[in-house]
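Engineer: Below are the structure tokens for one structure; questions will follow.
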Amino acid sequence: MLTASTDIQFLKGVGEKRAVLLKKKGIDTVDALLRYYPRAYLDWNDLTAIAAAPFFENVCLKAEIITPIETSRVRADMILYKFLISDGTGQAQVTLFNQNFLAEKLRTGREYLFYGKLDGSFVYKRLNSPVIMEALFKGIEPIYPATRGLSSKTLEKLVKTALDSVVLSETLPESIRKRNGLCDIKFAIENIHFPLVRENLERAQKRLVFEELFILQSGLSFLKKRNRGKSGFIIKNVDLTEFENNLSFSLTGAQKRAVNEALADMSSGKPMNRLIQGDVGSGKTAAAAALMYAASKNGFQSALMAPTEILAEQHYQTLCRMTENLGIRCGLLTGSMSKKEKNSVKSALKIGEIDVIAGTHALISDDVEFNNLGLVITDEQHRFGVAQRGKLSAKGKNPHTLVMSATPIPRTLGLIIYGDLDISIIDEYPKGRQKIETYCVDTSYRQRIYRYIKKFLDEGRQGYIVCPLVEENETLDVTPAVEYYEALSHNEFKDYKLGLLHGKMKPKDKDTLMRSFAAGEIDLLIATTVIEVGIDVPNAVIMVVENAERFGLSQLHQLRGRIGRGRYESTCIMISDSKSPDTVNRLKVIKSTNDGFKIADADLELRGPGDFLGDRQHGLPDMKIADLFSDRQVLHNAGKEVEMLLESDPNLKSEENAPLRKEIIKLYSKLNSN
Ligand code: ADP
Ligand code: MG
């Protein structure tokens with residue numbers, strides 16, 4: 001008798017050669033085959049009239065062959081069969097390629113079922129290589145993703161054999177199935193492959209989607225708990241009154257909540273591993289400063305690492321300002337400081353004369369030592385790899401870590417993308433933030449836009465023009481930005497001070513340029529997306545985005561976040577001539593809201609999770625059946641069940657939970673090897 005974990009090679013009908021093909025598809029066991037779900041179904045009950053059938057979509061037609069079957073040999077190795085079919089509402093021409101066996105069975109004047117995609121025109125519809133069945137056939141057929149040497153039919157046969165030869169173990173506890181109205185595993189697997197009726201297929205799908213998201217989240221819960229030894233840094237009894245009184249503003253509710261969540265972690269005896277997500281301008285730095293203050297009041301050092309020198313310096317200045325007169329010693333460490341300066345900072349760090357340090361990745365160079373590093377914060381984390389983050393943490397003994405990200409991720413996905421982090425969200429802007437007016441126009445407005453920009457520049461304000469990078473043979477070309485800069489500086493903007501910023505510049509030159517922009521020495525910055533993660537220039541109030549269709553929604557939002565940071569009202573103008581529905585939709589969203597989370601949700605809906613998951617720091621298994629967007633409610637429900645289950649059986653030691661545990665370990669090993 002086979003078991004689910006038997007090597008696929010030993011399933012009847014497989015053999016060595018097929019086993020190789022199957023294993024290439026990741027089907028290495030009988031169980032993996034049963035979990036290889038059809039990519040579509042051919043529902044022979046779900047008929048469409050030829051007249052009403054959409055083009056380029058699979059449809060099932062019931063029609064009569066109304067002409068003789070015409071055979072022509074187009075090449076030595078290719079025979080075409082052509083005939084017309086009609087169902088009373090319309091006609092279509094069917095073409096079969098080399099399907100002698102099938103073609104010879106067909107009879108003019110008889111009715112058949114045809115499954116395939118129509119194309120051609122409304123007066124001359126075509127149906128190429130459809131699946132053809134006797135008209136009496138009823139049922140739903142699975143269609144598997146096929147590859148050379150492994151047809152859908154072969155897979156179907158093998159799955160049937162597998163179903164007959166193994167007993168499946170239930171992965172979901174009965175109580176969870178009951179509460180969520182889910183069928184058992186046997187019914188689910190049988191019906192995902194061979195449903196008799198739609199309703200059974202839907203019940204099977206419902207259960208398997210739930211199961212997939214349930215196992216994923218259980219695995220992530222384990223992941224979160226792993227590597228969490230003890231932390232010697234207990235940060236407790238923190239009274240923030242003094243810190244808050246020292247600020248020139250009061251913290252927003254969302255900032256306070258994030259700070260309190262982090263403080264609770266840091267007093268727990270276990271190392272914090274938290275992400276603060278907040279839109280640009282939501283005030284993450286102040287939250288970070290509050291935590292660094294708390295750490296130093298408990299006698300521990302803390303470090304704030306930023307991806308660029310300017311950001312690091314800006315953080316340093318902010319920290320100095322926010323902790324002024326509070327008895328906290330701040331420091332800065334960046335690569336461009338002189339050796340002497342660096343050395344003095346390093347020795348101060350080592351003997352504990354600096355409490356709070358801001359810096360770039362210079363902080364993680366080998367010769368930097370801390371006295372007692374208790375809290376590590378990285379800003380704009382998507383610029384750092386996990387390894388870099390880990391390296392800074394390794395300078396302390398299990399210090400608390402906090403990651404700050406300004407890239408809003410849809411809430412449901414955040415759970416998964418940052419599976420190993422607890423998440424706090426700052427979803428509220430400080431009061432008095434200026435609104436950004438957003439306009440979307442086509443290129444016929446260009447001259448008007450230039451005049452409009454000049455109006456702001458003449459009032460002493462500054463602005464950005466953003467150009468997309470052009471992708472040529474996988475290298476990103478900056479020429480358009482360079483040419484555009486040249487053109488503007490000799491023509492429309494020859495009386496203004498222009499700057500050019502792009503990704504191919506040396507970090508040092510970028511830094512110098514940004515510094516002079518921040519100092520107001522440049523009026524208008526022509527830039528590629530490198531300004532996405534940039535600095536605060538409150539005097540910059542206008543942004544024009546060229547070829548807006550080339551940017552993703554979240555990217556447009558990030559760019560726009562560079563303006564509206566001061567006391568002036570700001571304007572963002574998106575230029576695009578594209579009329580594609582996708583672009584029109586995106587621009588509609590960007591115009592209608594400034595809320596990064598709403599935009600992220602819309603992005604997820606428009607483009608699917610790929611773009612978000614593409615940024616992930618650790619590989620997640622591909623979803624076989626669940627869709628992280630359309631199944632987000634199930635994701636949520638499954639998450640709740642995971643929580644409850646792990647509370648009652650944290651290590652899944654009970655017998656009932658053994659199969660689930662096994663599945664999680666399977667997933668776990670995948671995550672680890674990625
Ligand atoms: P983020 O890093 O989240 O983009 P910052 O921390 O740079 O945002 O804050 C943006 C600006 O808002 C800064 O000038 C900061 O001083 C200010 N700020 C932060 N929190 C508040 C608040 N609660 N009330 C008023 N202004 C605030
Ligand atoms: Mg910031």
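We label chains A, B, ... in the order they appear in the structure tokens, count residues from 1 in each chain, and number ligands from 1 in the order shown.
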Leaving out stretch 58-60 of chain A and any residue of its chain fewer than 2 positions from it, which residues lie within 8 Å of it when counting only C-alpha atoms, given as a PyMOL selection string?
Structural biologist: chain A and resi 42-44+46-48+53-54+56+62+113-118
Engineer: Include N, CA, C and O atoms and write out the residues we just selected as a CSV table (one decimal), in the first residue's frame.
Structural biologist:
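Generated output (selection_3.csv):
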```
chain,number,residue,atom,x,y,z
A,42,LEU,N,-13.1,22.1,-17.4
A,42,LEU,CA,-13.9,22.2,-18.6
A,42,LEU,C,-15.3,21.7,-18.2
A,42,LEU,O,-15.5,20.6,-17.9
A,43,ASP,N,-16.2,22.7,-18.1
A,43,ASP,CA,-17.5,22.3,-17.7
A,43,ASP,C,-18.4,22.2,-18.8
A,43,ASP,O,-18.9,23.2,-19.5
A,44,TRP,N,-18.7,20.9,-19.2
A,44,TRP,CA,-19.5,20.7,-20.4
A,44,TRP,C,-21.0,21.0,-20.1
A,44,TRP,O,-21.8,20.8,-21.0
A,46,ASP,N,-21.9,24.0,-19.0
A,46,ASP,CA,-22.0,25.4,-19.0
A,46,ASP,C,-21.8,25.9,-20.4
A,46,ASP,O,-20.8,26.3,-20.8
A,47,LEU,N,-22.9,25.9,-21.2
A,47,LEU,CA,-22.9,26.2,-22.6
A,47,LEU,C,-23.1,27.6,-22.9
A,47,LEU,O,-23.8,28.3,-22.2
A,48,THR,N,-22.4,28.1,-24.0
A,48,THR,CA,-22.6,29.5,-24.4
A,48,THR,C,-23.0,29.4,-25.9
A,48,THR,O,-22.6,28.5,-26.6
A,53,ALA,N,-20.9,34.3,-27.4
A,53,ALA,CA,-19.6,33.9,-26.9
A,53,ALA,C,-18.6,35.0,-27.0
A,53,ALA,O,-18.4,35.6,-28.1
A,54,PRO,N,-17.9,35.3,-25.9
A,54,PRO,CA,-16.8,36.3,-26.0
A,54,PRO,C,-15.6,35.8,-26.7
A,54,PRO,O,-15.5,34.6,-26.8
A,56,PHE,N,-11.5,35.2,-27.2
A,56,PHE,CA,-10.3,35.0,-26.5
A,56,PHE,C,-10.5,34.5,-25.0
A,56,PHE,O,-9.7,34.6,-24.2
A,62,LYS,N,-22.2,24.1,-28.0
A,62,LYS,CA,-22.9,22.8,-28.5
A,62,LYS,C,-23.4,23.2,-29.9
A,62,LYS,O,-24.3,24.0,-30.0
A,113,LEU,N,-19.9,18.7,-28.7
A,113,LEU,CA,-19.5,19.8,-27.8
A,113,LEU,C,-18.1,20.3,-28.2
A,113,LEU,O,-17.2,19.4,-28.4
A,114,PHE,N,-17.9,21.6,-28.2
A,114,PHE,CA,-16.6,22.1,-28.5
A,114,PHE,C,-16.2,23.1,-27.4
A,114,PHE,O,-16.9,23.9,-26.9
A,115,TYR,N,-14.9,22.9,-27.0
A,115,TYR,CA,-14.4,23.8,-26.0
A,115,TYR,C,-13.1,24.4,-26.4
A,115,TYR,O,-12.1,23.8,-26.9
A,116,GLY,N,-13.1,25.8,-26.4
A,116,GLY,CA,-11.9,26.5,-26.8
A,116,GLY,C,-12.1,28.0,-26.9
A,116,GLY,O,-13.1,28.5,-26.4
A,117,LYS,N,-11.2,28.7,-27.5
A,117,LYS,CA,-11.3,30.2,-27.6
A,117,LYS,C,-11.6,30.6,-29.0
A,117,LYS,O,-11.0,30.2,-29.9
A,118,LEU,N,-12.6,31.5,-29.1
A,118,LEU,CA,-13.0,32.0,-30.4
A,118,LEU,C,-12.1,33.2,-30.7
A,118,LEU,O,-11.7,33.9,-29.8
```
Engineer: Residues at most 7 Å from ligand 2, using only C-alpha atoms and all ligand atoms? Could they come as JSON, numbers by chain?
Structural biologist: {"A": [280, 281, 284, 285, 379]}
Engineer: Quick one: residues within 6 Å of ligand 1, with only C-alpha atoms and all ligand atoms, as a tab-separated table (two decimals) with all heavy atoms, in the first residue's frame?
Structural biologist:
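Done, and the output landed in pocket27.tsv:
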```
chain	number	residue	atom	x	y	z
A	249	PHE	N	5.67	69.52	19.38
A	249	PHE	CA	4.31	69.11	19.02
A	249	PHE	C	3.91	67.98	19.93
A	249	PHE	O	4.75	67.44	20.67
A	249	PHE	CB	4.26	68.67	17.56
A	249	PHE	CG	5.36	67.72	17.17
A	249	PHE	CD1	5.30	66.37	17.54
A	249	PHE	CD2	6.48	68.15	16.45
A	249	PHE	CE1	6.31	65.49	17.20
A	249	PHE	CE2	7.50	67.25	16.11
A	249	PHE	CZ	7.41	65.93	16.48
A	250	SER	N	2.65	67.57	19.91
A	250	SER	CA	2.33	66.38	20.68
A	250	SER	C	2.16	65.20	19.72
A	250	SER	O	1.73	65.37	18.58
A	250	SER	CB	1.08	66.60	21.53
A	250	SER	OG	0.10	67.24	20.77
A	251	LEU	N	2.54	64.02	20.21
A	251	LEU	CA	2.48	62.83	19.37
A	251	LEU	C	1.05	62.54	18.95
A	251	LEU	O	0.11	62.77	19.71
A	251	LEU	CB	3.06	61.63	20.12
A	251	LEU	CG	4.54	61.69	20.48
A	251	LEU	CD1	4.93	60.50	21.34
A	251	LEU	CD2	5.40	61.73	19.22
A	252	THR	N	0.88	62.04	17.73
A	252	THR	CA	-0.46	61.65	17.30
A	252	THR	C	-0.84	60.36	18.01
A	252	THR	O	0.02	59.65	18.55
A	252	THR	CB	-0.51	61.39	15.78
A	252	THR	OG1	0.35	60.28	15.48
A	252	THR	CG2	-0.07	62.61	14.99
A	278	GLY	N	4.54	53.29	8.19
A	278	GLY	CA	3.80	54.55	8.19
A	278	GLY	C	4.14	55.30	6.95
A	278	GLY	O	5.29	55.31	6.49
A	279	ASP	N	3.15	55.91	6.39
A	279	ASP	CA	3.31	56.67	5.17
A	279	ASP	C	4.39	57.73	5.34
A	279	ASP	O	4.70	58.12	6.46
A	279	ASP	CB	1.97	57.36	4.89
A	279	ASP	CG	1.60	57.21	3.43
A	279	ASP	OD1	2.54	57.08	2.63
A	279	ASP	OD2	0.41	57.23	3.12
A	280	VAL	N	4.92	58.23	4.22
A	280	VAL	CA	5.88	59.32	4.33
A	280	VAL	C	5.24	60.48	5.07
A	280	VAL	O	4.09	60.83	4.81
A	280	VAL	CB	6.35	59.82	2.93
A	280	VAL	CG1	7.48	58.96	2.43
A	280	VAL	CG2	5.20	59.84	1.95
A	281	GLY	N	5.97	61.03	6.02
A	281	GLY	CA	5.46	62.19	6.76
A	281	GLY	C	4.57	61.83	7.93
A	281	GLY	O	4.03	62.71	8.59
A	282	SER	N	4.42	60.54	8.21
A	282	SER	CA	3.53	60.17	9.31
A	282	SER	C	4.23	60.33	10.66
A	282	SER	O	3.60	60.23	11.70
A	282	SER	CB	3.02	58.75	9.13
A	282	SER	OG	4.10	57.84	9.11
A	283	GLY	N	5.52	60.55	10.64
A	283	GLY	CA	6.23	60.84	11.88
A	283	GLY	C	6.86	59.63	12.54
A	283	GLY	O	6.82	59.46	13.76
A	284	LYS	N	7.49	58.80	11.71
A	284	LYS	CA	8.12	57.61	12.27
A	284	LYS	C	9.34	57.96	13.11
A	284	LYS	O	9.62	57.31	14.11
A	284	LYS	CB	8.53	56.66	11.13
A	284	LYS	CG	7.33	56.09	10.39
A	284	LYS	CD	7.75	55.14	9.30
A	284	LYS	CE	8.42	55.80	8.11
A	284	LYS	NZ	7.53	56.72	7.36
A	285	THR	N	10.04	59.03	12.68
A	285	THR	CA	11.28	59.37	13.39
A	285	THR	C	11.00	59.74	14.85
A	285	THR	O	11.76	59.36	15.75
A	285	THR	CB	12.01	60.52	12.69
A	285	THR	OG1	11.91	60.33	11.29
A	285	THR	CG2	13.46	60.57	13.09
A	286	ALA	N	9.94	60.47	15.07
A	286	ALA	CA	9.61	60.86	16.44
A	286	ALA	C	9.31	59.61	17.28
A	286	ALA	O	9.70	59.52	18.45
A	286	ALA	CB	8.42	61.81	16.45
A	430	PRO	N	0.35	63.86	11.19
A	430	PRO	CA	0.35	64.96	12.16
A	430	PRO	C	-0.60	66.06	11.69
A	430	PRO	O	-0.80	66.24	10.48
A	430	PRO	CB	1.79	65.47	12.12
A	430	PRO	CG	2.60	64.34	11.60
A	430	PRO	CD	1.69	63.55	10.70
A	431	LYS	N	-1.15	66.76	12.64
A	431	LYS	CA	-2.10	67.84	12.31
A	431	LYS	C	-1.41	68.94	11.51
A	431	LYS	O	-0.21	69.16	11.62
A	431	LYS	CB	-2.65	68.46	13.59
A	431	LYS	CG	-3.82	67.69	14.15
A	431	LYS	CD	-4.56	68.56	15.18
A	431	LYS	CE	-5.15	67.74	16.30
A	431	LYS	NZ	-4.19	67.15	17.23
```
Engineer: So that I can check the secondary structure, give me every residue of stretch 3-81 of chain A assigned strand (DSSP E or B) by backbone DSSP, as a list in words.
Structural biologist: Asp7, Thr29, Ala40, Tyr41, Leu42, Asp43, Leu47, Phe55, Asn58, Val59, Cys60, Leu61, Lys62, Ala63, Glu64, Ile65, Glu70, Thr71, Ser72, Arg73, Val74, Arg75, Met78, Ile79, Leu80 and Tyr81 of chain A
Engineer: Which residues of stretch 155-196 of chain A have any atom within 8 Å of an atom in stretch 9-19 of chain A when counting only C-alpha atoms, and what is the closest pair of atoms for each, with the distance in Å to one decimal? Order the rows by chain and rising number and write it as a Markdown table.
Structural biologist:
```
| residue | atom | partner | partner_atom | distance |
| --- | --- | --- | --- | --- |
| A:Leu158 | CA | A:Gly13 | CA | 6.9 |
| A:Thr161 | CA | A:Lys12 | CA | 7.0 |
| A:Ala162 | CA | A:Leu11 | CA | 7.0 |
```
Engineer: For atom CA of A:Leu488 and atom CA of A:Arg565, determine how far apart the two atoms are, in Å to one decimal place.
Structural biologist: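 Between atom CA of A:Leu488 and atom CA of A:Arg565 the gap works out to 25.8 Å.
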Engineer: If you run DSSP on the backbone here, which positions in stretch 419-563 of chain A get helix (DSSP H, G or I)? Please write them as a VMD selection string.
Structural biologist: chain A and resid 443 to 458 479 to 490 507 to 518 529 to 532 548 to 550 553 to 560
Engineer: Just the residues within 8 Å of A:Leu635, please, counting only C-alpha atoms, with nothing from its chain fewer than 3 positions along; format it as a PyMOL selection string.
Structural biologist: chain A and resi 210+213-214+412+628+631-632+638-639
Engineer: Could you write out the selected residues, including N, CA, C and O atoms, as an mmCIF file, in the first residue's frame?
Structural biologist:
```cif
data_model
loop_
_atom_site.group_PDB
_atom_site.id
_atom_site.type_symbol
_atom_site.label_atom_id
_atom_site.label_comp_id
_atom_site.auth_asym_id
_atom_site.auth_seq_id
_atom_site.Cartn_x
_atom_site.Cartn_y
_atom_site.Cartn_z
ATOM 1 N N PHE A 210 -8.722 27.860 2.343
ATOM 2 C CA PHE A 210 -8.592 28.074 3.786
ATOM 3 C C PHE A 210 -7.366 27.335 4.312
ATOM 4 O O PHE A 210 -6.530 27.881 5.020
ATOM 5 N N LEU A 213 -4.005 28.945 3.388
ATOM 6 C CA LEU A 213 -3.710 30.167 4.128
ATOM 7 C C LEU A 213 -3.503 29.869 5.611
ATOM 8 O O LEU A 213 -2.725 30.532 6.289
ATOM 9 N N PHE A 214 -4.191 28.870 6.077
ATOM 10 C CA PHE A 214 -4.050 28.461 7.479
ATOM 11 C C PHE A 214 -2.645 27.918 7.737
ATOM 12 O O PHE A 214 -1.972 28.308 8.688
ATOM 13 N N THR A 412 -3.380 43.140 4.641
ATOM 14 C CA THR A 412 -3.445 41.687 4.607
ATOM 15 C C THR A 412 -2.106 41.096 4.177
ATOM 16 O O THR A 412 -1.692 40.058 4.668
ATOM 17 N N LEU A 628 -4.045 36.036 -2.689
ATOM 18 C CA LEU A 628 -3.866 36.872 -1.504
ATOM 19 C C LEU A 628 -4.733 38.113 -1.535
ATOM 20 O O LEU A 628 -4.955 38.746 -0.516
ATOM 21 N N ASP A 631 -8.885 36.461 -1.708
ATOM 22 C CA ASP A 631 -9.173 35.624 -0.538
ATOM 23 C C ASP A 631 -8.749 36.284 0.766
ATOM 24 O O ASP A 631 -8.470 35.607 1.753
ATOM 25 N N ARG A 632 -8.692 37.619 0.767
ATOM 26 C CA ARG A 632 -8.141 38.249 1.965
ATOM 27 C C ARG A 632 -9.021 38.065 3.191
ATOM 28 O O ARG A 632 -8.523 38.012 4.313
ATOM 29 N N ALA A 638 -8.610 32.667 8.708
ATOM 30 C CA ALA A 638 -7.654 31.597 8.985
ATOM 31 C C ALA A 638 -6.646 32.069 10.036
ATOM 32 O O ALA A 638 -6.249 31.304 10.916
ATOM 33 N N GLY A 639 -6.258 33.338 9.939
ATOM 34 C CA GLY A 639 -5.314 33.897 10.909
ATOM 35 C C GLY A 639 -5.855 33.835 12.324
ATOM 36 O O GLY A 639 -5.148 33.498 13.277
#
```
Engineer: May I ask which of the residues A:Leu373, A:Leu500, A:Pro399, A:Met543 is the closest one to A:Gly269, counting only C-alpha atoms?
Structural biologist: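 For A:Gly269, the nearest of the candidates is A:Pro399.
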Engineer: Using only C-alpha atoms, which of the listed residues (A:Lys342, A:Arg207, A:Lys153, A:Lys579) sits closest to A:Ile185?
Structural biologist: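 Among the listed residues, A:Arg207 lies closest to A:Ile185.
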Engineer: Which residue gives the smallest distance to A:Asp422 among A:Arg148, A:Arg274, A:Lys640, A:Arg75, with only C-alpha atoms counted?
Structural biologist: A:Arg274
Engineer: Which polymer residues have any atom within 12 Å of an atom of A:Gly299, counting only C-alpha atoms, with same-chain residues fewer than 6 positions away left out, as a list in words?
Structural biologist: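 That gives Gly232, Phe233, Ile234, Ile235, Lys236, Val238, Met292, Tyr293, Gly327, Ile328, Arg329, Gly352, Glu353, Ile354, Asp355, Val356, Asn371, Asn372, Leu373, Gly374 and Leu375 of chain A.
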Engineer: Leaving out A:Asn45 and any residue of its chain fewer than 5 positions from it, which residues lie within 9 Å of it when counting only C-alpha atoms, given as an NGL selection string?
Structural biologist: :A and (60 or 137-140)
Engineer: Might you pull out every residue within 10 Å of stretch 646-657 of chain A, with only C-alpha atoms counted and same-chain residues fewer than 4 positions away left off, and present them as a ChimeraX atom specification?
Structural biologist: /A:169-174,218,221-222,641-642,661-662
Engineer: Go ahead and write the residues just picked, N, CA and C atoms, as a JSON list (two decimals), in the first residue's frame.
Structural biologist:
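Saved to part-v6.json:
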```
[["chain", "number", "residue", "atom", "x", "y", "z"],
["A", 169, "SER", "N", -4.63, 12.00, 5.23],
["A", 169, "SER", "CA", -4.90, 12.37, 6.62],
["A", 169, "SER", "C", -5.39, 13.81, 6.69],
["A", 170, "GLU", "N", -6.31, 14.02, 7.59],
["A", 170, "GLU", "CA", -6.95, 15.32, 7.76],
["A", 170, "GLU", "C", -5.97, 16.31, 8.37],
["A", 171, "THR", "N", -5.82, 17.47, 7.74],
["A", 171, "THR", "CA", -4.88, 18.47, 8.26],
["A", 171, "THR", "C", -5.55, 19.51, 9.14],
["A", 172, "LEU", "N", -6.88, 19.65, 9.02],
["A", 172, "LEU", "CA", -7.56, 20.69, 9.81],
["A", 172, "LEU", "C", -8.38, 20.07, 10.92],
["A", 173, "PRO", "N", -8.17, 20.50, 12.15],
["A", 173, "PRO", "CA", -8.97, 19.98, 13.26],
["A", 173, "PRO", "C", -10.47, 20.14, 12.98],
["A", 174, "GLU", "N", -11.23, 19.17, 13.49],
["A", 174, "GLU", "CA", -12.65, 19.16, 13.19],
["A", 174, "GLU", "C", -13.35, 20.44, 13.65],
["A", 218, "SER", "N", 0.22, 29.53, 10.06],
["A", 218, "SER", "CA", 0.75, 28.77, 11.20],
["A", 218, "SER", "C", 2.26, 28.72, 11.11],
["A", 221, "SER", "N", 3.79, 31.95, 12.10],
["A", 221, "SER", "CA", 3.74, 32.12, 13.55],
["A", 221, "SER", "C", 4.92, 31.44, 14.21],
["A", 222, "PHE", "N", 5.23, 30.25, 13.72],
["A", 222, "PHE", "CA", 6.40, 29.55, 14.26],
["A", 222, "PHE", "C", 7.67, 30.33, 13.96],
["A", 641, "GLU", "N", -8.03, 31.71, 13.44],
["A", 641, "GLU", "CA", -8.03, 30.30, 13.86],
["A", 641, "GLU", "C", -6.63, 29.85, 14.26],
["A", 642, "VAL", "N", -5.64, 30.33, 13.53],
["A", 642, "VAL", "CA", -4.25, 29.97, 13.87],
["A", 642, "VAL", "C", -3.95, 30.42, 15.28],
["A", 661, "ARG", "N", 0.91, 19.71, 11.79],
["A", 661, "ARG", "CA", 2.30, 19.96, 12.17],
["A", 661, "ARG", "C", 3.24, 19.53, 11.06],
["A", 662, "LYS", "N", 2.94, 18.37, 10.49],
["A", 662, "LYS", "CA", 3.77, 17.85, 9.41],
["A", 662, "LYS", "C", 3.77, 18.82, 8.21]]
```
Engineer: What does the distance between atom CA of A:Gly109 and atom CA of A:Pro142 come to in Å, to one decimal place?
Structural biologist: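 We find that atom CA of A:Gly109 and atom CA of A:Pro142 lie 28.9 Å from each other.
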Engineer: For atom CA of A:Ile66 and atom CA of A:Tyr112, quote the distance in Å rounded to one decimal.
Structural biologist: 11.3 Å
Engineer: Measuring between only C-alpha atoms, which one of A:Glu492, A:Glu549, A:Asp239, A:Asp577 shows the shortest distance to A:Tyr452?
Structural biologist: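 Under the stated criterion, the closest residue is A:Glu492.
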